[in-house]
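Worksheet: one structure, shown below.
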Protein chains: 2
Amino acid sequence: MRPNERFDLNNLTPAQILSLGYLVIILIGAILLSLPIATASGKSMPFIDALFTATSATAVTGLIVENTSIFFSIFGQVVIMVLIQIGGLGIMTMSTLFAFLVGKKITLKERLIIQADLDQFQLSGLIRLVRYVLLVTFMIEGTGALILFTRLIQEYSLGKALYLSVFHAISAFNNAGFDLFGNSLEGFTGDITINLVITTLIILGGIGFAVIAELYSGKRKFKDYSLQTKLVLSVTAFLIVIGTVVFFFLEYSNPETMGGLSFGKKALASYFLSITPRTAGFNTVPTGALKSSTLFFVIILMFIGASPGSTGGGVKTTTFGALFAVVYAMVTGRSDVELFKRRLAKEVIFKALSIIMISLLLIVAVTMVLTITENMKFLDLFFETVSAFGTVGLSTGVTGELSVIGKLLITITMFAGRVGPLTLALAIGRKEETANIRYPEEKILVG
Amino acid sequence: MRPNERFDLNNLTPAQILSLGYLVIILIGAILLSLPIATASGKSMPFIDALFTATSATAVTGLIVENTSIFFSIFGQVVIMVLIQIGGLGIMTMSTLFAFLVGKKITLKERLIIQADLDQFQLSGLIRLVRYVLLVTFMIEGTGALILFTRLIQEYSLGKALYLSVFHAISAFNNAGFDLFGNSLEGFTGDITINLVITTLIILGGIGFAVIAELYSGKRKFKDYSLQTKLVLSVTAFLIVIGTVVFFFLEYSNPETMGGLSFGKKALASYFLSITPRTAGFNTVPTGALKSSTLFFVIILMFIGASPGSTGGGVKTTTFGALFAVVYAMVTGRSDVELFKRRLAKEVIFKALSIIMISLLLIVAVTMVLTITENMKFLDLFFETVSAFGTVGLSTGVTGELSVIGKLLITITMFAGRVGPLTLALAIGRKEETANIRYPEEKILVG
Ligand SMILES: [K+]
Ligand SMILES: [K+]
């Protein structure tokens with residue numbers, strides 16, 4: 001960061017820098033994917049489809065208009081893999097930075113400017129942090145790939161097994177959900193190794209770097225952890241358990257999903273199904289064959305999503321936890337909103353509320369336009385929209401059949417779902433205490 | 001309120017008193033409706049259906065399992081009409097009382113106890129208020145019935161026209177949505193008199209008694225009104241305009257709804273369709289024939305609902321307005337949440353948030369159970385649930401085909417939708433500042 005770049009930075013907000021960065025990467029990816037060498041057939045794909053795929057990969061969403069394993073060449077697949085890694089790392093690094101800045105009075109922009117100006121130590125601290133994120137990412141992905149390899153070598157040649165292991169370890173840890181098997185992980189529904197490795201990678205990628213760092217810091221007792229870590233771990237555990245139980249009962253006798261499996265494999269498939277909506281997007285049972293009730297529950301999990309400072313999307317586990325704390329405080333008549341014997345700041349509660357409301361508004365608006373432009377079932381379109389917004393990538397199978405407007409809309413939703421909540425959080429963090437007039441308070445009756 | 005009743009009151013919270021009162025009225029109504037004389041055929045209806053109908057009438061919802069005009073005898077219809085009037089007046093009186101208590105430190109229960117103990121003047125004040133509510137209600141209903149009569153006398157005999165006028169004026173002002181034409185107001189799609197009278201009754205019944213009182217108080221300028229009134233009027237106007245425009249475009253060429261109408265009648269039908277979801281429940285075009293996009297927009301309006309202190313349901317216009325103010329404040333980086341140059345109190349914002357969240361949770365839970373128990377389309381069940389919760393009464397036509405569990409669930413949802421938000425508001429108003437420990441504040445990252 002040279003001093004002469006300082007004025008440009010000064011003109012752009014961090015939110016704009018982030019969005020612009022993503023946009024540039026997506027456009028480069030789209031151009032590469034629209035080249036003839038990117039496809040197996042050697043014929044270039046329509047630009048709207050290339051744009052859709054590049055956005056889906058960079059936003060680590062995983063919605064696809066073409067089967068990744070069949071349609072793309074190795075070149076195309078590697079482009080997708082690199083986009084996933086850049087997208088996942090980018091969001092993880094950026095949001096981890098923000099996570100470490102939480103509670104500090106200065107904004108990232110101010111910090112960047114400060115660093116450019118005077119504070120060499122701070123800058124080296126940031127670089128150290130980014131290096132640490134990279135190191136942990138590659139260690140986890142490497143370990144995951146290694147274990148996947150021991151299983152896949154039983155079915156594939158050495159080179160193919162290695163390639164598949166690396167691709168899926170990256171795709172899982174970055175919560176991208178892209179696969180090279182053609183039918184996601186439906187060929188491994190009851191496979192314990194694949195299921196446990198993939199779900200563990202998803203969970204580690206989804207709980208956020210700050211939590212991983214704190215877990216690794218040597219603190220032994222739960223009560224010693226920060227509120228953030230306590231909340232992330234509790235909500236994550238809660239959602240996994242409740243999801244597993246609910247899906248097990250709802251799909252128990254569905255012949256098209258897990259009806260034909262043994263008791264243990266039903267439990268495994270339910271466990272996988274409870275983890276993948278937040279927000280990996282792999283599937284071991286066909287999503288389109290799930291019951292309406294199951295799909296609706298999946299939608300809720302997709303909306304909640306993963307944890308801050310992670311590769312996952314959604315409104316985030318902490319947002320969800322904060323809301324429950326607010327509702328609990330209200331119902332029990334307390335004036336303080338409390339979680340694990342800590343008081344939540346008013347700003348945090350407002351931020352959580354705003355994120356949920358704006359997300360709901362976006363989903364409602366997109367779903368409504370889709371119900372106009374597409375001639376498809378409401379639940380499928382609703383599902384697709386939440387999946388795109390939460391960068392999940394699960395689909396009941398309508399993605400490829402969307403109209404051009406539909407594809408464009410889902411592309412924008414993926415982009416908004418990726419950079420949106422974060423930039424929103426940023427924008428909100430940047431309080432302008434410049435209002436000179438403070439209006440008198442007046443009550444209204446709600447509800 | 002005799003002194004010897006004081007100890008009972010002391011043991012029950014106002015929320016419990018309200019719920020219990022409604023429950024007793026519903027049970028009496030259900031018993032009356034299950035009598036043979038209540039039906040046109042002279043055969044008694046199943047108790048679950050009688051319970052459903054009594055709940056629907058008392059909660060001024062309007063969902064029906066049997067056609068009111070054909071299935072019930074005059075006796076049955078009058079029972080329904082009386083239940084509507086009691087239910088509508090009850091909720092309006094109770095919530096108006098709360099509206100007038102807003103901003104005061106003491107709770108209703110305390111006030112009731114105080115009145116029983118010492119304060120004869122206060123009690124007479126309450127009685128005067130209730131008498132005023134009754135007077136205004138009957139005046140508006142009477143005027144509405146009179147105008148309806150001038151139109152209906154052209155089609156029906158004197159007695160029948162009178163009966164129909166009174167019934168529908170009551171049903172419209174109380175936002176009940178019950179009708180005696182058999183197909184709601186589908187026979188009057190382009191009828192200006194009927195449309196304007198019914199929509200005006202719906203709007204007056206839905207903006208809340210406190211607002212009516214303030215409009216009638218002689219204040220001439222908008223800026224002199226209270227924040228509550230400004231907010232109710234603005235949100236109501238905004239939703240009516242936006243709804244009319246959206247429905248006009250969405251249904252313009254739908255042959256099953258308004259495709260065959262003239263331009264003016266399309267506008268009239270759109271206007272009616274924008275008003276009836278909040279939360280009257282009449283329809284002039286067949287609800288089941290509306291497009292998915294239209295149904296989804298109707299769902300949103302049904303969720304928002306009418307205004308506090310009114311006969312309408314939903315989370316209320318002020319709650320919706322407060323939320324937008326919060327989101328606006330967040331996005332623009334202001335620390336105060338402002339509306340019309342007034343600052344919103346933290347408690348009000350929390351209350352609004354809690355009401356929305358708990359309502360969403362209830363709707364999600366009920367919809368999910370219905371997708372398990374009923375073999376129907378997701379959108380129809382979602383629509384039915386929001387309609388029941390918002391005490392709207394619109395249906396795509398599935399009500400009569402619900403299973404017993406489904407009927408029971410919708411019955412409970414209607415009840416919860418009626419007393420729920422209000423008791424919640426009450427419970428939340430009753431702050432217990434008894435917590436001795438105030439925990440230290442800790443920030444978390446959301447979004
Ligand atoms: K994903
Ligand atoms: K109604």
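Quick note on naming: the chains in the structure tokens go A, B, ... in the order shown, residues restart at 1 in each chain, and ligands are numbered from 1 in order of appearance.
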Taking only C-alpha atoms and all ligand atoms into account, list the residues no farther than 12 Å from ligand 1, as a ChimeraX atom specification.
/A:55-64,84,87-88,170-179,202,205-206,275-283,302,305-306,310-314,386-395,414,417-418
Extract the full set of helix (DSSP H, G or I) residues from region 142-311 of chain A according to DSSP on the backbone, and format it as a VMD selection string.
chain A and resid 142 to 152 158 to 173 186 to 188 192 to 206 209 to 215 222 to 224 227 to 251 263 to 275 287 to 289 292 to 304
Spatial neighbours of region 267-273 of chain A, 10 Å, only C-alpha atoms, chain gap at least 3 places, as number ranges by chain:
A: 188-192, 195-196, 198-199, 240-252, 257-258, 261-264, 276-278, 281-285, 287, 294, 298
Counting only C-alpha atoms, which residue out of B:Phe415, B:Gly397, B:Ala210, B:Lys221 sits closest to chain A?
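Among the listed residues, the smallest separation from chain A belongs to B:Ala210.
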Would you mind telling me which residue in B:Lys266, B:Arg128, B:Lys351, B:Lys230 lies nearest to chain A when using only C-alpha atoms?
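So, comparing all the options, the nearest one is B:Lys351.
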For Met368 (chain A), please output as a ChimeraX atom specification all residues within 10 Å (counting only C-alpha atoms; exclusion window: fewer than 2 positions along the same chain).
/A:362-366,370-373,378,381-382,385 /B:292-297
Go ahead and dump the residues you just picked, N, CA and C atoms, as a short mmCIF file (atom, residue, chain, number, x, y, z; two decimals), in the first residue's frame.
```cif
data_model
loop_
_atom_site.label_atom_id
_atom_site.label_comp_id
_atom_site.auth_asym_id
_atom_site.auth_seq_id
_atom_site.Cartn_x
_atom_site.Cartn_y
_atom_site.Cartn_z
N LEU A 362 -34.99 -8.41 0.21
CA LEU A 362 -34.36 -8.80 -1.04
C LEU A 362 -34.93 -10.12 -1.54
N ILE A 363 -35.04 -11.10 -0.64
CA ILE A 363 -35.55 -12.42 -1.02
C ILE A 363 -36.99 -12.32 -1.52
N VAL A 364 -37.79 -11.55 -0.79
CA VAL A 364 -39.19 -11.38 -1.18
C VAL A 364 -39.28 -10.72 -2.57
N ALA A 365 -38.47 -9.68 -2.78
CA ALA A 365 -38.52 -8.97 -4.06
C ALA A 365 -38.10 -9.89 -5.21
N VAL A 366 -36.98 -10.59 -5.04
CA VAL A 366 -36.48 -11.47 -6.11
C VAL A 366 -37.48 -12.60 -6.38
N LEU A 370 -39.36 -13.38 -9.89
CA LEU A 370 -39.24 -14.71 -10.51
C LEU A 370 -40.60 -15.35 -10.76
N THR A 371 -41.54 -15.17 -9.82
CA THR A 371 -42.86 -15.75 -10.04
C THR A 371 -43.54 -15.10 -11.25
N ILE A 372 -43.08 -13.90 -11.61
CA ILE A 372 -43.63 -13.25 -12.81
C ILE A 372 -42.92 -13.74 -14.07
N THR A 373 -41.56 -13.79 -14.00
CA THR A 373 -40.81 -14.12 -15.22
C THR A 373 -40.74 -15.61 -15.50
N PHE A 378 -44.02 -22.06 -7.03
CA PHE A 378 -43.58 -21.04 -6.07
C PHE A 378 -42.48 -21.55 -5.17
N LEU A 381 -39.05 -21.69 -6.75
CA LEU A 381 -38.47 -20.37 -6.98
C LEU A 381 -38.02 -19.73 -5.67
N PHE A 382 -38.82 -19.89 -4.64
CA PHE A 382 -38.50 -19.39 -3.31
C PHE A 382 -37.20 -20.06 -2.82
N THR A 385 -34.16 -18.82 -4.75
CA THR A 385 -33.77 -17.47 -4.35
C THR A 385 -33.01 -17.47 -3.04
N SER B 292 -49.30 -16.63 -8.90
CA SER B 292 -48.42 -16.87 -7.75
C SER B 292 -47.83 -15.57 -7.23
N SER B 293 -47.40 -14.70 -8.16
CA SER B 293 -46.79 -13.44 -7.75
C SER B 293 -47.78 -12.58 -6.98
N THR B 294 -49.03 -12.55 -7.46
CA THR B 294 -50.07 -11.79 -6.78
C THR B 294 -50.34 -12.36 -5.39
N LEU B 295 -50.45 -13.70 -5.33
CA LEU B 295 -50.71 -14.34 -4.03
C LEU B 295 -49.60 -14.00 -3.04
N PHE B 296 -48.37 -13.99 -3.53
CA PHE B 296 -47.23 -13.70 -2.66
C PHE B 296 -47.31 -12.27 -2.14
N PHE B 297 -47.69 -11.35 -3.01
CA PHE B 297 -47.83 -9.95 -2.58
C PHE B 297 -48.98 -9.80 -1.59
#
```
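For the pair CA of Thr318 (chain A) and CA of Ser359 (chain A), the interatomic distance is 15.0 Å.
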So how many Å separate CA of Val166 (chain B) and CA of Ser73 (chain B), to one decimal?
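Pair CA of Val166 (chain B) / CA of Ser73 (chain B) returns 16.6 Å.
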From the list A:Lys291, A:Lys407, A:Lys219, A:Lys160, the nearest residue to chain B using only C-alpha atoms is A:Lys291
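By chain and then residue number, the residues within 8 Å of Leu339 (chain B) are B:Leu227, B:Ala322, B:Ala325, B:Leu344, counting only C-alpha atoms and disregarding those fewer than 5 positions away in sequence.
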What gap, in Å, lies between CA of Glu384 (chain B) and CA of Thr396 (chain B)?
7.5 Å
